[in-house]
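Some notes on the structure that comes next.
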Amino acid sequence: MKQLPINKFIQLLLVLMLALPGLAFSQDEAEGQPNGEAKEEANGEAKEEEKKPKTIAELTEDSERYDGFFTLFRDKKSGETHMLVKADQVGKEFIYWVQVANGVPGVGFFKGAYGPSGMLSIQRHFDRLEFVAENTNFYFDPDNAVSRASEANISDALLATAKIVAEDEDSGDILIKSDKLFASEAFAQITPSPNPDADPKTDFALGKVDGDKTKILNLRSYPKNTDVEVEYVFSNPTPRVFGGADITDARNVSVRVMHSFIEAPDNDYQPRFDDARMGFFSLQVTDLTSMEAAPYRDMIRRWHLVKKDPDAELSEPVEPITWWI
């Protein structure tokens, strides 16, 4: 076999090296696209797929669904909860109510005891929903010029915020994670305030809410209300007083609380003003547009009862009060 001179061999090698990229380029062109651009496009599609937010259906596909006033979801494996807020519920007021489902009387919690209640609303702030407690202590006559300053020097309470994890573009429904809302004291103070006159040597005191032990027990949702039952566990590793017989272990005390979210009724209910000469449980309201020495508009707590026969002195109600036992 005839050997090529070294210089010719090098020249041939250089020609081959220059020809190979051209061949690769021609092959990519035959496939319709340069190799580098194809890779960039593939990478871009993969990144776009990763960034694409999950839908409400995708985030809740493995969850039990509780349809109602607020629709709730609970993951079948982890127990994680989500809350669905309809588009028309943003900015609308609703009633919030707390009741003790079970507890220990020695520290002020007994079955059936009422907790805080009030009017809440949900407001949107960019990618978050805010739960706000409305201030209902004042009245402003809308025909009075002072009413234009009705928000001056009065503070509502921002109780909790939750990041929006999914949103339906068609309906406007919003999905948020709700574990931290319910299994906490965001909506209402559950831990009793310390008694400054208590004697730590003789008076039993609860510990702090243990976030790892506190859990959501039950979810129930109906057309006009949604109920969430939470077991709060108060932990105190070194108690000085061990309480009564109703406390199994003073280091860990459980209290079950029902959080209720209720649709504000839209009806012909007529409030009735309080008369200080009579004994009623009343709601204090001050008229800040009145020049009276006692500008009170206190209203009594009363049922919404309407006579079937408006002309009768005593009549059966249109809808009687129903007690659930």
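Each chain in the structure tokens gets a letter, A, B and so on, in the order shown; residues start at 1 in every chain, and ligands are counted from 1 in the order they appear.
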
- Query: Which neighbours of range 232-236 of chain A fall inside 9 Å, counting only C-alpha atoms, when residues of the same chain fewer than 3 positions from it are skipped, and could you give them as JSON, numbers by chain?
  - Reply: {"A": [183, 184, 190, 191, 205, 206, 207, 208, 209, 210, 211, 212, 213, 214, 215, 216, 239, 250, 251, 252, 253, 254, 255, 256, 257]}

List every residue of range 4-244 of chain A that DSSP, applied to the backbone of this structure, assigns to strand (DSSP E or B), and report them as a JSON list (two decimals) with N, CA and C atoms, in the first residue's frame.
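Saved the output as selection-v1.json:
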[["chain", "number", "residue", "atom", "x", "y", "z"],
["A", 63, "SER", "N", -58.88, 14.47, 46.18],
["A", 63, "SER", "CA", -59.48, 14.96, 47.42],
["A", 63, "SER", "C", -60.97, 14.64, 47.48],
["A", 64, "GLU", "N", -61.47, 14.51, 48.72],
["A", 64, "GLU", "CA", -62.91, 14.45, 48.94],
["A", 64, "GLU", "C", -63.46, 15.87, 48.82],
["A", 65, "ARG", "N", -64.62, 16.00, 48.22],
["A", 65, "ARG", "CA", -65.20, 17.31, 47.97],
["A", 65, "ARG", "C", -66.44, 17.51, 48.85],
["A", 66, "TYR", "N", -66.52, 18.69, 49.48],
["A", 66, "TYR", "CA", -67.66, 19.04, 50.33],
["A", 66, "TYR", "C", -68.30, 20.31, 49.75],
["A", 71, "THR", "N", -67.09, 25.68, 49.32],
["A", 71, "THR", "CA", -66.76, 24.30, 48.97],
["A", 71, "THR", "C", -65.37, 23.98, 49.49],
["A", 72, "LEU", "N", -65.26, 22.84, 50.19],
["A", 72, "LEU", "CA", -63.99, 22.43, 50.79],
["A", 72, "LEU", "C", -63.51, 21.14, 50.14],
["A", 73, "PHE", "N", -62.20, 20.95, 50.15],
["A", 73, "PHE", "CA", -61.58, 19.73, 49.63],
["A", 73, "PHE", "C", -60.62, 19.20, 50.69],
["A", 74, "ARG", "N", -60.55, 17.86, 50.79],
["A", 74, "ARG", "CA", -59.61, 17.25, 51.73],
["A", 74, "ARG", "C", -58.90, 16.09, 51.04],
["A", 75, "ASP", "N", -57.57, 16.18, 50.99],
["A", 75, "ASP", "CA", -56.78, 15.14, 50.34],
["A", 75, "ASP", "C", -56.98, 13.81, 51.06],
["A", 81, "THR", "N", -56.23, 20.37, 53.37],
["A", 81, "THR", "CA", -57.51, 20.95, 52.94],
["A", 81, "THR", "C", -57.30, 22.15, 52.03],
["A", 82, "HIS", "N", -58.26, 22.33, 51.13],
["A", 82, "HIS", "CA", -58.34, 23.52, 50.28],
["A", 82, "HIS", "C", -59.74, 24.11, 50.40],
["A", 83, "MET", "N", -59.84, 25.38, 50.16],
["A", 83, "MET", "CA", -61.11, 26.09, 50.23],
["A", 83, "MET", "C", -61.36, 26.80, 48.91],
["A", 84, "LEU", "N", -62.57, 26.63, 48.38],
["A", 84, "LEU", "CA", -62.95, 27.28, 47.13],
["A", 84, "LEU", "C", -63.80, 28.51, 47.43],
["A", 85, "VAL", "N", -63.36, 29.64, 46.93],
["A", 85, "VAL", "CA", -64.09, 30.90, 47.10],
["A", 85, "VAL", "C", -64.65, 31.30, 45.75],
["A", 90, "VAL", "N", -66.17, 37.25, 46.87],
["A", 90, "VAL", "CA", -65.10, 38.22, 47.16],
["A", 90, "VAL", "C", -65.73, 39.60, 47.32],
["A", 93, "GLU", "N", -69.92, 40.30, 52.61],
["A", 93, "GLU", "CA", -69.85, 40.00, 54.04],
["A", 93, "GLU", "C", -70.58, 38.69, 54.35],
["A", 94, "PHE", "N", -70.09, 37.99, 55.36],
["A", 94, "PHE", "CA", -70.74, 36.79, 55.86],
["A", 94, "PHE", "C", -70.55, 36.71, 57.37],
["A", 95, "ILE", "N", -71.32, 35.84, 58.01],
["A", 95, "ILE", "CA", -71.29, 35.72, 59.47],
["A", 95, "ILE", "C", -70.28, 34.66, 59.88],
["A", 96, "TYR", "N", -69.50, 34.98, 60.90],
["A", 96, "TYR", "CA", -68.56, 34.01, 61.46],
["A", 96, "TYR", "C", -68.96, 33.73, 62.90],
["A", 97, "TRP", "N", -68.98, 32.45, 63.26],
["A", 97, "TRP", "CA", -69.48, 32.04, 64.58],
["A", 97, "TRP", "C", -68.60, 30.93, 65.14],
["A", 98, "VAL", "N", -68.32, 30.98, 66.43],
["A", 98, "VAL", "CA", -67.49, 29.97, 67.08],
["A", 98, "VAL", "C", -68.27, 29.35, 68.24],
["A", 99, "GLN", "N", -68.19, 28.03, 68.36],
["A", 99, "GLN", "CA", -68.82, 27.33, 69.47],
["A", 99, "GLN", "C", -67.93, 26.17, 69.91],
["A", 100, "VAL", "N", -67.86, 25.97, 71.22],
["A", 100, "VAL", "CA", -67.05, 24.88, 71.76],
["A", 100, "VAL", "C", -67.82, 23.57, 71.56],
["A", 101, "ALA", "N", -67.22, 22.63, 70.84],
["A", 101, "ALA", "CA", -67.84, 21.32, 70.62],
["A", 101, "ALA", "C", -67.58, 20.39, 71.80],
["A", 102, "ASN", "N", -66.44, 20.56, 72.45],
["A", 102, "ASN", "CA", -66.13, 19.78, 73.65],
["A", 102, "ASN", "C", -64.89, 20.39, 74.30],
["A", 114, "TYR", "N", -70.38, 29.51, 73.76],
["A", 114, "TYR", "CA", -70.20, 30.37, 72.59],
["A", 114, "TYR", "C", -68.85, 31.06, 72.64],
["A", 115, "GLY", "N", -68.27, 31.22, 71.47],
["A", 115, "GLY", "CA", -67.03, 31.96, 71.34],
["A", 115, "GLY", "C", -67.28, 33.26, 70.60],
["A", 116, "PRO", "N", -66.25, 33.87, 70.06],
["A", 116, "PRO", "CA", -66.41, 35.13, 69.33],
["A", 116, "PRO", "C", -67.26, 34.96, 68.08],
["A", 117, "SER", "N", -67.94, 36.02, 67.69],
["A", 117, "SER", "CA", -68.71, 36.02, 66.45],
["A", 117, "SER", "C", -68.64, 37.41, 65.85],
["A", 118, "GLY", "N", -68.97, 37.51, 64.58],
["A", 118, "GLY", "CA", -68.93, 38.82, 63.94],
["A", 118, "GLY", "C", -69.13, 38.70, 62.45],
["A", 119, "MET", "N", -68.95, 39.83, 61.78],
["A", 119, "MET", "CA", -69.08, 39.89, 60.33],
["A", 119, "MET", "C", -67.69, 39.91, 59.71],
["A", 120, "LEU", "N", -67.48, 38.99, 58.77],
["A", 120, "LEU", "CA", -66.22, 38.94, 58.03],
["A", 120, "LEU", "C", -66.48, 39.21, 56.56],
["A", 121, "SER", "N", -65.42, 39.56, 55.87],
["A", 121, "SER", "CA", -65.48, 39.67, 54.42],
["A", 121, "SER", "C", -64.17, 39.17, 53.84],
["A", 122, "ILE", "N", -64.21, 38.78, 52.58],
["A", 122, "ILE", "CA", -63.01, 38.33, 51.88],
["A", 122, "ILE", "C", -62.65, 39.38, 50.84],
["A", 123, "GLN", "N", -61.43, 39.87, 50.91],
["A", 123, "GLN", "CA", -60.94, 40.86, 49.96],
["A", 123, "GLN", "C", -59.76, 40.28, 49.20],
["A", 124, "ARG", "N", -59.59, 40.73, 47.97],
["A", 124, "ARG", "CA", -58.45, 40.25, 47.17],
["A", 124, "ARG", "C", -57.37, 41.32, 47.11],
["A", 125, "HIS", "N", -56.13, 40.89, 47.32],
["A", 125, "HIS", "CA", -54.98, 41.78, 47.17],
["A", 125, "HIS", "C", -53.96, 41.06, 46.30],
["A", 128, "ARG", "N", -53.36, 37.19, 46.61],
["A", 128, "ARG", "CA", -53.77, 36.70, 47.93],
["A", 128, "ARG", "C", -55.22, 37.06, 48.22],
["A", 129, "LEU", "N", -55.84, 36.25, 49.08],
["A", 129, "LEU", "CA", -57.15, 36.58, 49.63],
["A", 129, "LEU", "C", -56.97, 36.97, 51.09],
["A", 130, "GLU", "N", -57.68, 38.01, 51.50],
["A", 130, "GLU", "CA", -57.60, 38.50, 52.87],
["A", 130, "GLU", "C", -58.94, 38.31, 53.56],
["A", 131, "PHE", "N", -58.90, 37.80, 54.79],
["A", 131, "PHE", "CA", -60.10, 37.64, 55.60],
["A", 131, "PHE", "C", -60.13, 38.79, 56.62],
["A", 132, "VAL", "N", -61.15, 39.63, 56.50],
["A", 132, "VAL", "CA", -61.21, 40.87, 57.27],
["A", 132, "VAL", "C", -62.43, 40.87, 58.18],
["A", 133, "ALA", "N", -62.22, 41.20, 59.46],
["A", 133, "ALA", "CA", -63.32, 41.37, 60.41],
["A", 133, "ALA", "C", -63.81, 42.81, 60.31],
["A", 138, "PHE", "N", -70.38, 51.28, 64.73],
["A", 138, "PHE", "CA", -70.79, 52.65, 64.47],
["A", 138, "PHE", "C", -71.81, 52.73, 63.33],
["A", 139, "TYR", "N", -72.61, 53.80, 63.38],
["A", 139, "TYR", "CA", -73.59, 54.08, 62.32],
["A", 139, "TYR", "C", -73.36, 55.50, 61.82],
["A", 157, "ALA", "N", -60.15, 44.66, 61.04],
["A", 157, "ALA", "CA", -59.07, 43.77, 61.47],
["A", 157, "ALA", "C", -58.77, 42.76, 60.36],
["A", 158, "LEU", "N", -57.54, 42.79, 59.88],
["A", 158, "LEU", "CA", -57.09, 41.79, 58.90],
["A", 158, "LEU", "C", -56.68, 40.54, 59.67],
["A", 159, "LEU", "N", -57.53, 39.51, 59.63],
["A", 159, "LEU", "CA", -57.32, 38.32, 60.45],
["A", 159, "LEU", "C", -56.34, 37.34, 59.84],
["A", 160, "ALA", "N", -56.43, 37.15, 58.53],
["A", 160, "ALA", "CA", -55.60, 36.12, 57.90],
["A", 160, "ALA", "C", -55.49, 36.39, 56.41],
["A", 161, "THR", "N", -54.42, 35.88, 55.82],
["A", 161, "THR", "CA", -54.25, 35.94, 54.36],
["A", 161, "THR", "C", -53.91, 34.55, 53.85],
["A", 162, "ALA", "N", -54.25, 34.29, 52.61],
["A", 162, "ALA", "CA", -53.95, 33.00, 52.00],
["A", 162, "ALA", "C", -53.59, 33.22, 50.54],
["A", 163, "LYS", "N", -52.51, 32.59, 50.10],
["A", 163, "LYS", "CA", -52.06, 32.73, 48.71],
["A", 163, "LYS", "C", -52.98, 31.94, 47.79],
["A", 164, "ILE", "N", -53.32, 32.53, 46.67],
["A", 164, "ILE", "CA", -54.15, 31.86, 45.67],
["A", 164, "ILE", "C", -53.30, 30.80, 44.96],
["A", 165, "VAL", "N", -53.76, 29.55, 44.97],
["A", 165, "VAL", "CA", -52.99, 28.47, 44.34],
["A", 165, "VAL", "C", -53.55, 28.09, 42.98],
["A", 166, "ALA", "N", -54.80, 28.46, 42.71],
["A", 166, "ALA", "CA", -55.40, 28.19, 41.40],
["A", 166, "ALA", "C", -56.61, 29.08, 41.22],
["A", 167, "GLU", "N", -56.91, 29.38, 39.95],
["A", 167, "GLU", "CA", -58.05, 30.24, 39.64],
["A", 167, "GLU", "C", -58.66, 29.81, 38.32],
["A", 174, "ILE", "N", -61.82, 30.78, 42.99],
["A", 174, "ILE", "CA", -60.45, 30.84, 43.50],
["A", 174, "ILE", "C", -60.23, 29.72, 44.51],
["A", 175, "LEU", "N", -59.07, 29.08, 44.43],
["A", 175, "LEU", "CA", -58.72, 28.00, 45.35],
["A", 175, "LEU", "C", -57.55, 28.44, 46.22],
["A", 176, "ILE", "N", -57.68, 28.21, 47.54],
["A", 176, "ILE", "CA", -56.60, 28.53, 48.48],
["A", 176, "ILE", "C", -56.38, 27.33, 49.40],
["A", 177, "LYS", "N", -55.18, 27.24, 49.95],
["A", 177, "LYS", "CA", -54.92, 26.25, 50.99],
["A", 177, "LYS", "C", -55.52, 26.76, 52.29],
["A", 208, "LYS", "N", -49.45, 26.25, 75.53],
["A", 208, "LYS", "CA", -49.61, 26.91, 74.24],
["A", 208, "LYS", "C", -50.18, 25.93, 73.22],
["A", 209, "VAL", "N", -50.85, 26.48, 72.21],
["A", 209, "VAL", "CA", -51.38, 25.63, 71.14],
["A", 209, "VAL", "C", -50.22, 24.95, 70.42],
["A", 215, "LYS", "N", -55.34, 19.55, 64.95],
["A", 215, "LYS", "CA", -55.75, 18.98, 63.65],
["A", 215, "LYS", "C", -57.20, 19.32, 63.34],
["A", 216, "ILE", "N", -57.51, 19.27, 62.05],
["A", 216, "ILE", "CA", -58.88, 19.45, 61.58],
["A", 216, "ILE", "C", -59.58, 18.10, 61.65],
["A", 217, "LEU", "N", -60.67, 18.04, 62.41],
["A", 217, "LEU", "CA", -61.38, 16.77, 62.60],
["A", 217, "LEU", "C", -62.43, 16.53, 61.52],
["A", 218, "ASN", "N", -63.36, 17.47, 61.39],
["A", 218, "ASN", "CA", -64.50, 17.25, 60.50],
["A", 218, "ASN", "C", -64.76, 18.47, 59.63],
["A", 219, "LEU", "N", -65.21, 18.20, 58.42],
["A", 219, "LEU", "CA", -65.65, 19.24, 57.50],
["A", 219, "LEU", "C", -67.10, 18.97, 57.13],
["A", 220, "ARG", "N", -67.92, 20.02, 57.18],
["A", 220, "ARG", "CA", -69.32, 19.89, 56.76],
["A", 220, "ARG", "C", -69.69, 21.18, 56.03],
["A", 221, "SER", "N", -70.35, 21.03, 54.90],
["A", 221, "SER", "CA", -70.74, 22.21, 54.14],
["A", 221, "SER", "C", -72.15, 22.04, 53.60],
["A", 225, "ASN", "N", -74.25, 27.44, 54.89],
["A", 225, "ASN", "CA", -73.22, 27.52, 55.94],
["A", 225, "ASN", "C", -72.19, 26.42, 55.76],
["A", 226, "THR", "N", -71.01, 26.68, 56.27],
["A", 226, "THR", "CA", -69.90, 25.72, 56.23],
["A", 226, "THR", "C", -69.32, 25.62, 57.63],
["A", 227, "ASP", "N", -69.12, 24.39, 58.12],
["A", 227, "ASP", "CA", -68.61, 24.15, 59.47],
["A", 227, "ASP", "C", -67.30, 23.39, 59.41],
["A", 228, "VAL", "N", -66.35, 23.83, 60.22],
["A", 228, "VAL", "CA", -65.05, 23.17, 60.32],
["A", 228, "VAL", "C", -64.77, 22.91, 61.80],
["A", 229, "GLU", "N", -64.63, 21.64, 62.17],
["A", 229, "GLU", "CA", -64.36, 21.27, 63.56],
["A", 229, "GLU", "C", -62.87, 21.01, 63.73],
["A", 230, "VAL", "N", -62.27, 21.69, 64.70],
["A", 230, "VAL", "CA", -60.83, 21.61, 64.93],
["A", 230, "VAL", "C", -60.56, 21.17, 66.36],
["A", 231, "GLU", "N", -59.61, 20.27, 66.53],
["A", 231, "GLU", "CA", -59.16, 19.89, 67.87],
["A", 231, "GLU", "C", -57.85, 20.63, 68.16],
["A", 232, "TYR", "N", -57.93, 21.56, 69.11],
["A", 232, "TYR", "CA", -56.75, 22.30, 69.54],
["A", 232, "TYR", "C", -56.11, 21.56, 70.72],
["A", 233, "VAL", "N", -54.83, 21.31, 70.62],
["A", 233, "VAL", "CA", -54.10, 20.65, 71.71],
["A", 233, "VAL", "C", -53.16, 21.67, 72.34],
["A", 234, "PHE", "N", -53.36, 21.89, 73.65],
["A", 234, "PHE", "CA", -52.53, 22.83, 74.40],
["A", 234, "PHE", "C", -51.47, 22.03, 75.15],
["A", 235, "SER", "N", -50.21, 22.33, 74.88],
["A", 235, "SER", "CA", -49.11, 21.57, 75.47],
["A", 235, "SER", "C", -48.34, 22.42, 76.48]]

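Note that CA of Glu169 in chain A and CA of Glu134 in chain A are 29.0 Å apart.
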
- Item | Of the listed residues A:Ser78, A:Met258, A:Ala87, A:Asn153, that which approaches Ala113 in chain A most closely, counting only C-alpha atoms |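 Of all the options, A:Met258 lies closest to Ala113 in chain A.
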
- Between A:Lys308, A:His259, A:Val107, A:Gly244, which one has atoms that come closest to Asn195 in chain A, using only C-alpha atoms?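 Checking each of A:Lys308, A:His259, A:Val107, A:Gly244 against Asn195 in chain A, counting only C-alpha atoms, the winner is A:Val107.
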
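Between CA of Ala188 in chain A and CA of Gly243 in chain A there is a distance of 25.0 Å.
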
- Task: Would you mind telling me which residue in A:Asp287, A:Glu292, A:Asp246, A:Asp179 lies nearest to Ser150 in chain A when using only C-alpha atoms?
- Result: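 Closest to Ser150 in chain A, using only C-alpha atoms: A:Asp287.
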
Tell me which protein, DNA and RNA residues are within 8 Å of Val285 in chain A, counting only C-alpha atoms, leaving out same-chain ones fewer than 4 positions away, and put them as a PDB file with N, CA and C atoms, in the first residue's frame.
ATOM      1  N   THR A 136     -68.508  46.875  63.232  1.00  0.00           N
ATOM      2  CA  THR A 136     -69.949  47.156  63.179  1.00  0.00           C
ATOM      3  C   THR A 136     -70.411  47.989  64.375  1.00  0.00           C
ATOM      4  N   ASN A 137     -69.484  48.705  64.999  1.00  0.00           N
ATOM      5  CA  ASN A 137     -69.817  49.438  66.225  1.00  0.00           C
ATOM      6  C   ASN A 137     -70.401  50.825  65.978  1.00  0.00           C
ATOM      7  N   PHE A 138     -70.384  51.276  64.729  1.00  0.00           N
ATOM      8  CA  PHE A 138     -70.791  52.653  64.469  1.00  0.00           C
ATOM      9  C   PHE A 138     -71.805  52.730  63.331  1.00  0.00           C
ATOM     10  N   TYR A 139     -72.609  53.804  63.379  1.00  0.00           N
ATOM     11  CA  TYR A 139     -73.587  54.080  62.325  1.00  0.00           C
ATOM     12  C   TYR A 139     -73.362  55.500  61.824  1.00  0.00           C
ATOM     13  N   TYR A 296     -77.113  56.763  70.771  1.00  0.00           N
ATOM     14  CA  TYR A 296     -77.079  55.304  70.731  1.00  0.00           C
ATOM     15  C   TYR A 296     -78.114  54.755  69.754  1.00  0.00           C
ATOM     16  N   ARG A 297     -77.723  53.707  69.047  1.00  0.00           N
ATOM     17  CA  ARG A 297     -78.630  52.950  68.180  1.00  0.00           C
ATOM     18  C   ARG A 297     -78.504  51.465  68.515  1.00  0.00           C
ATOM     19  N   ASP A 298     -78.442  51.166  69.814  1.00  0.00           N
ATOM     20  CA  ASP A 298     -78.284  49.778  70.245  1.00  0.00           C
ATOM     21  C   ASP A 298     -79.482  48.954  69.791  1.00  0.00           C
ATOM     22  N   MET A 299     -79.204  47.748  69.318  1.00  0.00           N
ATOM     23  CA  MET A 299     -80.258  46.864  68.820  1.00  0.00           C
ATOM     24  C   MET A 299     -80.323  45.602  69.670  1.00  0.00           C
TER      25      MET A 299
END

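Distance-wise, CA of Asp249 in chain A and CA of Ser193 in chain A end up 21.2 Å apart.
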
- Item | alpha helix (DSSP H) call set, DSSP backbone run, range 29-235 of chain A, as an MDAnalysis selection string | chainID A and resid 29:30 35:51 56:59 179:182

- Message: Please list as a list in words every residue within 10 Å of Ser290 in chain A, counting only C-alpha atoms and excluding residues in the same chain fewer than 3 positions away.
- Response: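 Near Ser290 in chain A, the qualifying residues are Tyr139, Phe140, Asp141, Asn144, Val146, Thr286, Asp287, Ala293, Ala294, Pro295 and Tyr296 of chain A.
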
I need the chosen residues saved as a compact mmCIF listing (two decimals), in the first residue's frame, with N, CA and C atoms.
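The new file out.txt reads:
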# COMPACT_ATOMS: atom_id res chain seq x y z
N TYR A 139 -72.61 53.80 63.38
CA TYR A 139 -73.59 54.08 62.32
C TYR A 139 -73.36 55.50 61.82
N PHE A 140 -73.50 55.68 60.51
CA PHE A 140 -73.40 57.00 59.89
C PHE A 140 -74.63 57.22 59.03
N ASP A 141 -75.34 58.29 59.29
CA ASP A 141 -76.49 58.65 58.46
C ASP A 141 -75.97 59.01 57.07
N ASN A 144 -75.98 62.61 55.97
CA ASN A 144 -75.18 63.57 56.72
C ASN A 144 -73.79 63.67 56.08
N VAL A 146 -71.01 64.19 57.34
CA VAL A 146 -69.98 63.53 58.12
C VAL A 146 -69.78 62.08 57.66
N THR A 286 -73.10 53.08 67.97
CA THR A 286 -73.07 54.52 68.23
C THR A 286 -73.25 55.28 66.92
N ASP A 287 -74.17 56.23 66.93
CA ASP A 287 -74.42 57.07 65.75
C ASP A 287 -73.45 58.25 65.78
N ALA A 293 -76.92 63.87 73.07
CA ALA A 293 -75.99 63.60 74.17
C ALA A 293 -75.73 62.10 74.30
N ALA A 294 -76.74 61.31 73.97
CA ALA A 294 -76.59 59.85 74.00
C ALA A 294 -76.92 59.31 72.61
N PRO A 295 -75.96 59.33 71.70
CA PRO A 295 -76.22 58.97 70.30
C PRO A 295 -76.22 57.45 70.07
N TYR A 296 -77.11 56.76 70.77
CA TYR A 296 -77.08 55.30 70.73
C TYR A 296 -78.11 54.76 69.75
